[in-house]
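Chemist: Before I ask anything, here is the structure I am working with.
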Amino acid sequence: MPEHIKMPDVAPLVRTLADGTRTAFEFPFPIFASEDLAVFIGGARQYSGFSVTGAGEASGGTVTFASAPASGLTVTLERRMPLERLTDFIEGGDFSARALNTELDYLMGAVQQVGRDQTSMLRYDDNETPGETTLPAKSVRANKALGFDSDGNPVAVSLEGSMAQPGFTATGTGASTRTSTSKFADMISIRDFGAVGDGVTNDTLAFQKALTAHNMILVPEGTFLITATLTLGERQSLTGLGQRSVIKCNSNSFVAIELPNRQATVRDLRIEGGLVGLKFFGRDNECTQNNISNVTIDQAQTGILLDGYTDSNKPCYWNNFSRVLIDRPGVDGVRMIRSGAGDTPNANRFDKVRVYSHGAGTTGHGFYVEYGAFNNAFTDCEANVNGPTAQACFRIGAGSNKTLLVNLLTESTNGVPNVQLDSGSEETIIMNLTSTSDGAAIYDLSGGNYDAVNAGFPFKNRLRKTSVTDLQTKLKRFDTEFIDTAGTHVLDLSHSVHIVDCSNGPITIQLPNAGDAVGVEVTVKKKDFTSNIVTITETGGNGPDGHVFLLGGKDDHAVILSNGAQWFVTSSNRMAGNTRFADTTGTYPLDMAVDTYLISSFSGPVTAQLPPADAAKSVGRTVTIKKTDTSSNAVTVTVQGSTGPDGFAQPLPDQYDALTVVSNGSQWYIVSRFS
């Protein structure tokens, strides 16, 4: 192959009459890529069912059809390139002769294409001076014929009295009269292009011709048999008259309708059979904002297929599906894939889409989001699949994240999962799941990487890391772990409470580093009677309250909290007592802030005054008062507004005399006394 094509002076179009047996058709002009060749049979644009060879060859190439075009039809091969710049030469950069030659070749091909378009135009003879080339205004020429005045210039000529069509006037004030021809042109029926609709005649070519010539096609009542894929281009539509408007595939070897572009519409009809009922992929442009509504797809191998395809600049995004029934699918009802290097199908919307096996042998899934991201949303959808052969009612694949399922109904038998979350799937949200399959409500292989609200079994709600500003609870449960194996156990923070049994030997509980557990609170409790110790340490840190923390007796426990910098013990029966020392004289009010008061009366007698027994800070409190000095000055324990514990002022005359008292809310009582 030469370095560049060296564009020959050959018209970029060739027509050949098919004979019913020939499958290979040559074209004598070069193309840069196979996508540059437009293929027509009988005037209908073809998008599949053929292969192209010879791209990049100056001598042209060959188109080979999978099936020979019917005898008598014209096969047209035309170079039709996008008119665009291929290269950008950088100022001061290397100047590539090959790049320049390619650009000039492409430019010459574009000129030939424009020249070819002009050969089919009406134009003035070269031997006369051109006259007026602008048509009369649209309002002037409406419902009139094109004629020429005495100078040969175009004028609008009335059809009245000669070729006028019967008039049509809509009912209602302000309605304008139109010709019947104008009225009929509002909607083109597939029958206008020769479709029969008897379920036997092959109507494929009629569809292809209609879609080549018009953008809005009506599918009337009837069963229209097709033998090849129908392609909807940008902003084209196929509209039926309800479920008796049927497009039927003669086999399950091809896609019924493909939408490789954007803003197309399929509605109010029925599709029967096919490898895929409706396929969405960004081949010709981005595959976005296509709309499907009131459609039934019956007995296709896969009902609806969304493919991220091969080009990330032509994504499969923002397509909308509403009130769709996928009946008796052979493999999958709805599937989302990525067959090449394109992006995943993202942000597509499914509303009231129902997949129903109807007893047929579905081998795949009701819905299978194998690849997809950014809120592919399924609202009020249903998956009812045949249990013995199906794999799952709804499956979220490893290449999916942020999939949203709302008000989903699933049904099957023989242990088929209602919703299956594959390992690798991320941030699935399931709300209001009615799961009637015998299998798991949510079969989770994702490692818990999902949220559920009123969904699942036996727990209907599952929330991961959540921020709450105001929470009221009636019952609080803690996820608990039991540890009874001697040695070191590194806590993974998957549980809140850890019950430790050291019967088999000492156990070390190793907390994660405080910096990896901001705001986390855990409880550790020793439950056995042995002398084996529970030691609490920290990975890469000093431990709770800055040191190793020990639990030695049965029911010893500690509640430990991380602030991100350090673990702190917030409560434990092993914490040091709260003690205050006072060297004073006179009346010393006990404020109940500490458990033990050590009082020196060396400077003079001291009256240690308890608050009233019914004070809020007193009820249920146990307090110890101890005299510490060697003087003869007594420490006397009294009660404010009363006499003292047990009804008397209680003196502590000697060093180390101590008194422990408790309030029951009406009186202070002596629990113990040491003299």
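Naming scheme: A, B, ... for chains in displayed order of the structure tokens; residues 1 onward per chain; ligands 1 onward as shown.
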From a backbone DSSP assignment, name each residue in stretch 461-554 of chain A labelled helix (DSSP H, G or I), as a list in words.
Modeler: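 Of stretch 461-554 of chain A, the ones in helix (DSSP H, G or I) are Ala514, Gly515, Asp516, Pro544, Asp545 and Gly546 of chain A.
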Chemist: Quick one: everything within 7 Å of stretch 402-413 of chain A, counting only C-alpha atoms, minus sequence neighbours fewer than 5 positions away in the same chain. Send it as a count of residues only.
Modeler: 30
Chemist: Skipping near chain neighbours, those fewer than 4 positions away, what residues fall within 8 Å of A:Val75 using only C-alpha atoms, listed as a short mmCIF file (atom, residue, chain, number, x, y, z; two decimals) with N, CA and C atoms, in the first residue's frame?
Modeler:
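File produced: part27.cif:
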data_model
loop_
_atom_site.label_atom_id
_atom_site.label_comp_id
_atom_site.auth_asym_id
_atom_site.auth_seq_id
_atom_site.Cartn_x
_atom_site.Cartn_y
_atom_site.Cartn_z
N ARG A 15 -23.42 2.45 -9.57
CA ARG A 15 -24.69 1.74 -9.43
C ARG A 15 -24.62 0.44 -10.21
N THR A 16 -25.16 -0.63 -9.61
CA THR A 16 -25.14 -1.95 -10.25
C THR A 16 -26.49 -2.60 -10.05
N LEU A 17 -27.01 -3.26 -11.10
CA LEU A 17 -28.29 -3.96 -11.01
C LEU A 17 -28.06 -5.35 -10.44
N ALA A 18 -28.75 -5.68 -9.33
CA ALA A 18 -28.61 -6.99 -8.70
C ALA A 18 -29.32 -8.06 -9.52
N VAL A 39 -24.03 2.56 1.55
CA VAL A 39 -24.52 1.43 0.77
C VAL A 39 -26.04 1.49 0.71
N PHE A 40 -26.60 1.41 -0.53
CA PHE A 40 -28.04 1.46 -0.73
C PHE A 40 -28.48 0.25 -1.55
N ILE A 41 -29.65 -0.30 -1.21
CA ILE A 41 -30.30 -1.32 -2.04
C ILE A 41 -31.68 -0.81 -2.39
N GLY A 42 -31.94 -0.62 -3.69
CA GLY A 42 -33.23 -0.09 -4.11
C GLY A 42 -33.52 1.27 -3.54
N GLY A 43 -32.48 2.07 -3.29
CA GLY A 43 -32.64 3.41 -2.74
C GLY A 43 -32.73 3.45 -1.23
N PRO A 69 -28.65 -9.34 -2.77
CA PRO A 69 -29.81 -8.46 -2.98
C PRO A 69 -30.75 -9.05 -4.03
#
Chemist: Find the spatial neighbours of A:Leu551, counting only C-alpha atoms, within a cut-off of 12 Å - ignore same-chain residues fewer than 5 positions away - and output them as a PyMOL selection string.
Modeler: chain A and resi 499-502+506-509+524-537+556-559+572-575
Chemist: Put those residues in a file: N, CA, C and O atoms, as a CSV table (one decimal), in the first residue's frame.
Modeler:
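Generated file (out_32.csv):
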chain,number,residue,atom,x,y,z
A,499,ILE,N,-16.9,-9.3,72.8
A,499,ILE,CA,-17.0,-10.1,74.0
A,499,ILE,C,-15.8,-11.0,74.0
A,499,ILE,O,-15.6,-11.8,73.0
A,500,VAL,N,-14.9,-11.0,75.0
A,500,VAL,CA,-13.6,-11.7,74.9
A,500,VAL,C,-13.6,-12.7,76.0
A,500,VAL,O,-13.8,-12.5,77.2
A,501,ASP,N,-13.3,-14.0,75.6
A,501,ASP,CA,-13.1,-15.1,76.6
A,501,ASP,C,-11.7,-15.6,76.5
A,501,ASP,O,-11.2,-16.1,75.5
A,502,CYS,N,-11.0,-15.4,77.7
A,502,CYS,CA,-9.6,-15.8,77.7
A,502,CYS,C,-9.4,-17.2,78.3
A,502,CYS,O,-8.3,-17.5,78.8
A,506,PRO,N,-4.2,-15.8,77.2
A,506,PRO,CA,-4.2,-14.4,77.2
A,506,PRO,C,-4.6,-13.9,75.7
A,506,PRO,O,-4.2,-14.5,74.8
A,507,ILE,N,-5.3,-12.8,75.7
A,507,ILE,CA,-5.7,-12.2,74.4
A,507,ILE,C,-5.3,-10.8,74.3
A,507,ILE,O,-5.5,-10.0,75.3
A,508,THR,N,-4.7,-10.3,73.2
A,508,THR,CA,-4.4,-8.9,72.9
A,508,THR,C,-5.4,-8.4,71.9
A,508,THR,O,-5.5,-8.9,70.8
A,509,ILE,N,-6.1,-7.3,72.2
A,509,ILE,CA,-7.0,-6.7,71.3
A,509,ILE,C,-6.3,-5.4,70.8
A,509,ILE,O,-6.0,-4.5,71.5
A,524,VAL,N,-15.1,-3.3,74.7
A,524,VAL,CA,-14.4,-4.6,74.9
A,524,VAL,C,-14.7,-5.0,76.3
A,524,VAL,O,-14.5,-4.3,77.3
A,525,LYS,N,-15.2,-6.3,76.4
A,525,LYS,CA,-15.5,-6.8,77.7
A,525,LYS,C,-15.0,-8.2,77.9
A,525,LYS,O,-15.1,-9.1,77.0
A,526,LYS,N,-14.3,-8.5,79.1
A,526,LYS,CA,-13.8,-9.8,79.4
A,526,LYS,C,-14.9,-10.6,80.2
A,526,LYS,O,-15.5,-10.1,81.1
A,527,LYS,N,-15.2,-11.9,79.8
A,527,LYS,CA,-16.3,-12.6,80.3
A,527,LYS,C,-15.9,-13.8,81.2
A,527,LYS,O,-16.8,-14.4,81.8
A,528,ASP,N,-14.6,-14.2,81.2
A,528,ASP,CA,-14.3,-15.4,81.9
A,528,ASP,C,-13.7,-15.2,83.3
A,528,ASP,O,-13.3,-14.1,83.6
A,529,PHE,N,-13.6,-16.3,84.1
A,529,PHE,CA,-13.1,-16.2,85.4
A,529,PHE,C,-11.6,-16.4,85.5
A,529,PHE,O,-11.0,-16.3,86.6
A,530,THR,N,-10.9,-16.7,84.4
A,530,THR,CA,-9.5,-17.1,84.5
A,530,THR,C,-8.6,-15.9,84.8
A,530,THR,O,-9.1,-14.7,84.8
A,531,SER,N,-7.3,-16.2,85.2
A,531,SER,CA,-6.4,-15.1,85.5
A,531,SER,C,-5.7,-14.5,84.2
A,531,SER,O,-4.9,-13.6,84.3
A,532,ASN,N,-6.1,-15.1,83.0
A,532,ASN,CA,-5.5,-14.6,81.8
A,532,ASN,C,-6.1,-13.2,81.5
A,532,ASN,O,-7.2,-12.9,81.7
A,533,ILE,N,-5.2,-12.3,81.0
A,533,ILE,CA,-5.5,-10.9,80.9
A,533,ILE,C,-5.9,-10.6,79.5
A,533,ILE,O,-5.3,-11.1,78.5
A,534,VAL,N,-6.8,-9.6,79.3
A,534,VAL,CA,-7.1,-9.0,78.0
A,534,VAL,C,-6.3,-7.7,78.0
A,534,VAL,O,-6.5,-6.8,78.9
A,535,THR,N,-5.4,-7.6,77.0
A,535,THR,CA,-4.6,-6.4,76.8
A,535,THR,C,-5.1,-5.6,75.6
A,535,THR,O,-5.2,-6.2,74.5
A,536,ILE,N,-5.3,-4.3,75.8
A,536,ILE,CA,-5.8,-3.5,74.7
A,536,ILE,C,-4.7,-2.5,74.3
A,536,ILE,O,-4.2,-1.7,75.1
A,537,THR,N,-4.3,-2.7,73.0
A,537,THR,CA,-3.2,-1.8,72.4
A,537,THR,C,-3.7,-1.1,71.2
A,537,THR,O,-4.9,-1.2,70.8
A,556,ASP,N,-14.9,-7.2,83.6
A,556,ASP,CA,-14.1,-5.9,83.3
A,556,ASP,C,-14.4,-5.5,81.9
A,556,ASP,O,-14.4,-6.3,81.0
A,557,HIS,N,-14.6,-4.2,81.7
A,557,HIS,CA,-14.9,-3.7,80.4
A,557,HIS,C,-14.4,-2.3,80.2
A,557,HIS,O,-14.0,-1.6,81.2
A,558,ALA,N,-14.3,-1.9,78.9
A,558,ALA,CA,-13.9,-0.5,78.6
A,558,ALA,C,-14.6,-0.1,77.3
A,558,ALA,O,-14.8,-0.8,76.4
A,559,VAL,N,-15.1,1.2,77.4
A,559,VAL,CA,-15.7,1.8,76.2
A,559,VAL,C,-14.7,2.8,75.7
A,559,VAL,O,-14.3,3.7,76.5
A,572,SER,N,-15.3,2.8,82.1
A,572,SER,CA,-14.7,1.5,82.4
A,572,SER,C,-14.8,1.3,83.9
A,572,SER,O,-14.7,2.2,84.7
A,573,ASN,N,-15.0,0.0,84.3
A,573,ASN,CA,-14.9,-0.3,85.7
A,573,ASN,C,-13.5,-0.4,86.2
A,573,ASN,O,-13.2,-0.5,87.4
A,574,ARG,N,-12.5,-0.2,85.3
A,574,ARG,CA,-11.1,-0.3,85.7
A,574,ARG,C,-10.5,1.1,85.7
A,574,ARG,O,-9.3,1.2,85.9
A,575,MET,N,-11.3,2.2,85.6
A,575,MET,CA,-10.7,3.5,85.7
A,575,MET,C,-10.3,3.9,87.1
A,575,MET,O,-11.0,3.5,88.0
Chemist: Taking into account only C-alpha atoms, which residue in the set A:Arg116, A:Ala68, A:Ala210, A:Tyr47 is nearest to A:Pro260?
Modeler: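 Answer, going by the shortest atom-to-atom distance: A:Tyr47.
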Chemist: Quick one: DSSP strand (DSSP E) residues in stretch 325-395 of chain A, as a PyMOL selection string?
Modeler: chain A and resi 325-327+332-337+349-356+365-372+377-379+382-384+392-395
Chemist: Take the residues from that selection and write them out as a short mmCIF file (atom, residue, chain, number, x, y, z; two decimals), in the first residue's frame, keeping N, CA, C and O atoms.
Modeler:
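So the final result, stored in again.cif, reads:
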data_model
loop_
_atom_site.label_atom_id
_atom_site.label_comp_id
_atom_site.auth_asym_id
_atom_site.auth_seq_id
_atom_site.Cartn_x
_atom_site.Cartn_y
_atom_site.Cartn_z
N LEU A 325 -43.16 -3.71 27.99
CA LEU A 325 -43.27 -5.10 28.40
C LEU A 325 -42.32 -5.93 27.56
O LEU A 325 -42.38 -5.91 26.33
N ILE A 326 -41.43 -6.68 28.24
CA ILE A 326 -40.54 -7.62 27.56
C ILE A 326 -41.01 -9.01 27.94
O ILE A 326 -40.81 -9.47 29.07
N ASP A 327 -41.67 -9.66 26.98
CA ASP A 327 -42.35 -10.92 27.24
C ASP A 327 -41.52 -12.09 26.69
O ASP A 327 -41.04 -12.04 25.56
N ASP A 332 -31.91 -12.44 28.30
CA ASP A 332 -32.08 -11.33 29.24
C ASP A 332 -33.23 -10.43 28.79
O ASP A 332 -33.43 -10.22 27.59
N GLY A 333 -33.93 -9.88 29.78
CA GLY A 333 -34.94 -8.89 29.45
C GLY A 333 -34.29 -7.58 29.05
O GLY A 333 -34.44 -7.09 27.93
N VAL A 334 -33.53 -7.00 29.99
CA VAL A 334 -32.77 -5.76 29.75
C VAL A 334 -31.33 -6.03 30.13
O VAL A 334 -31.06 -6.58 31.21
N ARG A 335 -30.40 -5.66 29.26
CA ARG A 335 -28.98 -5.84 29.58
C ARG A 335 -28.19 -4.60 29.18
O ARG A 335 -28.45 -4.01 28.13
N MET A 336 -27.23 -4.23 30.04
CA MET A 336 -26.36 -3.08 29.77
C MET A 336 -24.92 -3.58 29.78
O MET A 336 -24.46 -4.16 30.76
N ILE A 337 -24.21 -3.36 28.65
CA ILE A 337 -22.87 -3.91 28.48
C ILE A 337 -21.93 -2.82 27.97
O ILE A 337 -22.33 -1.70 27.66
N ARG A 349 -32.90 5.91 32.06
CA ARG A 349 -34.07 5.89 32.92
C ARG A 349 -35.08 4.84 32.45
O ARG A 349 -35.51 4.86 31.29
N PHE A 350 -35.45 3.94 33.36
CA PHE A 350 -36.43 2.90 33.07
C PHE A 350 -37.61 3.09 34.03
O PHE A 350 -37.45 3.01 35.25
N ASP A 351 -38.81 3.31 33.48
CA ASP A 351 -39.99 3.54 34.28
C ASP A 351 -41.10 2.58 33.84
O ASP A 351 -41.47 2.56 32.67
N LYS A 352 -41.58 1.77 34.77
CA LYS A 352 -42.66 0.80 34.48
C LYS A 352 -42.27 -0.14 33.35
O LYS A 352 -43.04 -0.39 32.41
N VAL A 353 -41.05 -0.66 33.43
CA VAL A 353 -40.58 -1.67 32.48
C VAL A 353 -40.74 -3.04 33.15
O VAL A 353 -40.22 -3.27 34.24
N ARG A 354 -41.45 -3.95 32.47
CA ARG A 354 -41.76 -5.25 33.06
C ARG A 354 -41.15 -6.35 32.20
O ARG A 354 -41.33 -6.37 30.98
N VAL A 355 -40.43 -7.27 32.84
CA VAL A 355 -39.87 -8.45 32.17
C VAL A 355 -40.62 -9.66 32.72
O VAL A 355 -40.64 -9.89 33.94
N TYR A 356 -41.21 -10.45 31.83
CA TYR A 356 -42.07 -11.56 32.26
C TYR A 356 -41.76 -12.78 31.41
O TYR A 356 -42.01 -12.80 30.20
N HIS A 365 -31.30 -13.20 32.85
CA HIS A 365 -31.80 -12.36 33.93
C HIS A 365 -32.99 -11.53 33.46
O HIS A 365 -33.16 -11.29 32.26
N GLY A 366 -33.77 -11.07 34.41
CA GLY A 366 -34.77 -10.09 34.08
C GLY A 366 -34.10 -8.80 33.65
O GLY A 366 -34.30 -8.29 32.55
N PHE A 367 -33.27 -8.26 34.54
CA PHE A 367 -32.46 -7.07 34.26
C PHE A 367 -31.01 -7.40 34.65
O PHE A 367 -30.78 -7.95 35.72
N TYR A 368 -30.07 -7.04 33.79
CA TYR A 368 -28.65 -7.29 34.09
C TYR A 368 -27.85 -6.04 33.74
O TYR A 368 -27.57 -5.78 32.58
N VAL A 369 -27.51 -5.25 34.77
CA VAL A 369 -26.69 -4.06 34.59
C VAL A 369 -25.23 -4.49 34.73
O VAL A 369 -24.60 -4.29 35.77
N GLU A 370 -24.70 -5.09 33.66
CA GLU A 370 -23.33 -5.61 33.71
C GLU A 370 -22.34 -4.45 33.82
O GLU A 370 -21.37 -4.51 34.57
N TYR A 371 -22.57 -3.39 33.03
CA TYR A 371 -21.78 -2.16 33.10
C TYR A 371 -22.74 -0.98 33.15
O TYR A 371 -23.75 -0.96 32.44
N GLY A 372 -22.42 0.01 33.97
CA GLY A 372 -23.27 1.19 34.04
C GLY A 372 -22.88 2.06 35.22
O GLY A 372 -22.35 1.56 36.22
N ALA A 377 -31.41 4.44 36.54
CA ALA A 377 -32.52 4.36 37.49
C ALA A 377 -33.62 3.46 36.96
O ALA A 377 -34.03 3.57 35.81
N PHE A 378 -34.10 2.57 37.83
CA PHE A 378 -35.18 1.65 37.51
C PHE A 378 -36.30 1.89 38.52
O PHE A 378 -36.16 1.57 39.70
N THR A 379 -37.40 2.48 38.06
CA THR A 379 -38.49 2.87 38.94
C THR A 379 -39.77 2.13 38.56
O THR A 379 -40.16 2.10 37.39
N GLU A 382 -40.55 -4.44 37.11
CA GLU A 382 -40.85 -5.79 37.58
C GLU A 382 -40.05 -6.81 36.79
O GLU A 382 -39.90 -6.68 35.57
N ALA A 383 -39.53 -7.81 37.49
CA ALA A 383 -38.82 -8.92 36.85
C ALA A 383 -39.43 -10.22 37.35
O ALA A 383 -39.28 -10.58 38.52
N ASN A 384 -40.11 -10.93 36.47
CA ASN A 384 -40.72 -12.22 36.79
C ASN A 384 -40.11 -13.24 35.83
O ASN A 384 -40.47 -13.29 34.66
N ALA A 392 -30.96 -14.69 37.81
CA ALA A 392 -31.37 -13.71 38.81
C ALA A 392 -32.50 -12.88 38.24
O ALA A 392 -32.58 -12.69 37.03
N CYS A 393 -33.36 -12.39 39.13
CA CYS A 393 -34.39 -11.45 38.67
C CYS A 393 -33.74 -10.13 38.26
O CYS A 393 -34.02 -9.60 37.19
N PHE A 394 -32.88 -9.62 39.13
CA PHE A 394 -32.18 -8.36 38.85
C PHE A 394 -30.74 -8.54 39.30
O PHE A 394 -30.49 -8.95 40.42
N ARG A 395 -29.81 -8.24 38.40
CA ARG A 395 -28.39 -8.44 38.72
C ARG A 395 -27.61 -7.16 38.44
O ARG A 395 -27.71 -6.56 37.37
#
Chemist: Could you please determine the separation between atom CA of A:Gln420 and atom CA of A:Asp343 in Å, to one decimal place?
Modeler: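 If I compute the distance from atom CA of A:Gln420 to atom CA of A:Asp343, I get 23.1 Å.
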Chemist: Would you compute the distance between atom CA of A:Arg338 and atom CA of A:Leu275? Give it in Å to one decimal.
Modeler: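 Here the two named atoms are 17.3 Å from each other.
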Chemist: Identify, on the basis of only C-alpha atoms, every residue whose closest approach to A:Thr64 does not exceed 8 Å; exclude the query and any residue fewer than 6 positions from it along the same chain; express the result as a list of chain:residue names.
Modeler: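 Final neighbour list, sorted by chain and number: A:Thr23, A:Ala24, A:Phe25, A:Phe50, A:Ser51, A:Val52.
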Chemist: Using all heavy atoms, can you write the selected residues to a file as a CSV table (one decimal), in the first residue's frame?
Modeler:
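Output saved as out_16.csv:
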chain,number,residue,atom,x,y,z
A,23,THR,N,-23.3,-11.5,-4.7
A,23,THR,CA,-23.1,-10.9,-3.3
A,23,THR,C,-22.0,-9.9,-3.2
A,23,THR,O,-22.0,-9.1,-2.3
A,23,THR,CB,-22.9,-12.0,-2.3
A,23,THR,OG1,-21.7,-12.8,-2.7
A,23,THR,CG2,-24.0,-13.0,-2.2
A,24,ALA,N,-21.0,-9.9,-4.2
A,24,ALA,CA,-19.9,-9.0,-4.1
A,24,ALA,C,-20.1,-8.0,-5.2
A,24,ALA,O,-20.3,-8.2,-6.4
A,24,ALA,CB,-18.6,-9.8,-4.3
A,25,PHE,N,-19.9,-6.7,-4.8
A,25,PHE,CA,-20.0,-5.6,-5.7
A,25,PHE,C,-18.8,-4.6,-5.5
A,25,PHE,O,-18.5,-4.2,-4.4
A,25,PHE,CB,-21.3,-4.8,-5.4
A,25,PHE,CG,-22.6,-5.6,-5.7
A,25,PHE,CD1,-23.0,-6.5,-4.8
A,25,PHE,CD2,-23.3,-5.4,-6.9
A,25,PHE,CE1,-24.2,-7.3,-5.0
A,25,PHE,CE2,-24.4,-6.1,-7.1
A,25,PHE,CZ,-24.9,-7.1,-6.2
A,50,PHE,N,-23.5,-6.5,5.6
A,50,PHE,CA,-22.4,-6.5,4.6
A,50,PHE,C,-21.1,-6.2,5.2
A,50,PHE,O,-21.0,-5.7,6.3
A,50,PHE,CB,-22.8,-5.5,3.5
A,50,PHE,CG,-22.8,-4.1,4.0
A,50,PHE,CD1,-21.7,-3.3,4.0
A,50,PHE,CD2,-24.0,-3.5,4.4
A,50,PHE,CE1,-21.7,-2.0,4.5
A,50,PHE,CE2,-24.1,-2.2,4.9
A,50,PHE,CZ,-23.0,-1.4,4.9
A,51,SER,N,-20.0,-6.4,4.5
A,51,SER,CA,-18.7,-6.1,4.9
A,51,SER,C,-18.0,-5.3,3.8
A,51,SER,O,-18.3,-5.4,2.6
A,51,SER,CB,-17.9,-7.3,5.2
A,51,SER,OG,-17.7,-8.2,4.1
A,52,VAL,N,-17.0,-4.5,4.1
A,52,VAL,CA,-16.3,-3.6,3.2
A,52,VAL,C,-14.8,-3.9,3.2
A,52,VAL,O,-14.2,-4.0,4.3
A,52,VAL,CB,-16.6,-2.1,3.5
A,52,VAL,CG1,-15.8,-1.2,2.5
A,52,VAL,CG2,-18.1,-1.8,3.4
Chemist: For the atom pair atom CA of A:Asn414 and atom CA of A:Ala440, what is the interatomic distance in Å to one decimal place?
Modeler: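 It comes out at 10.8 Å.
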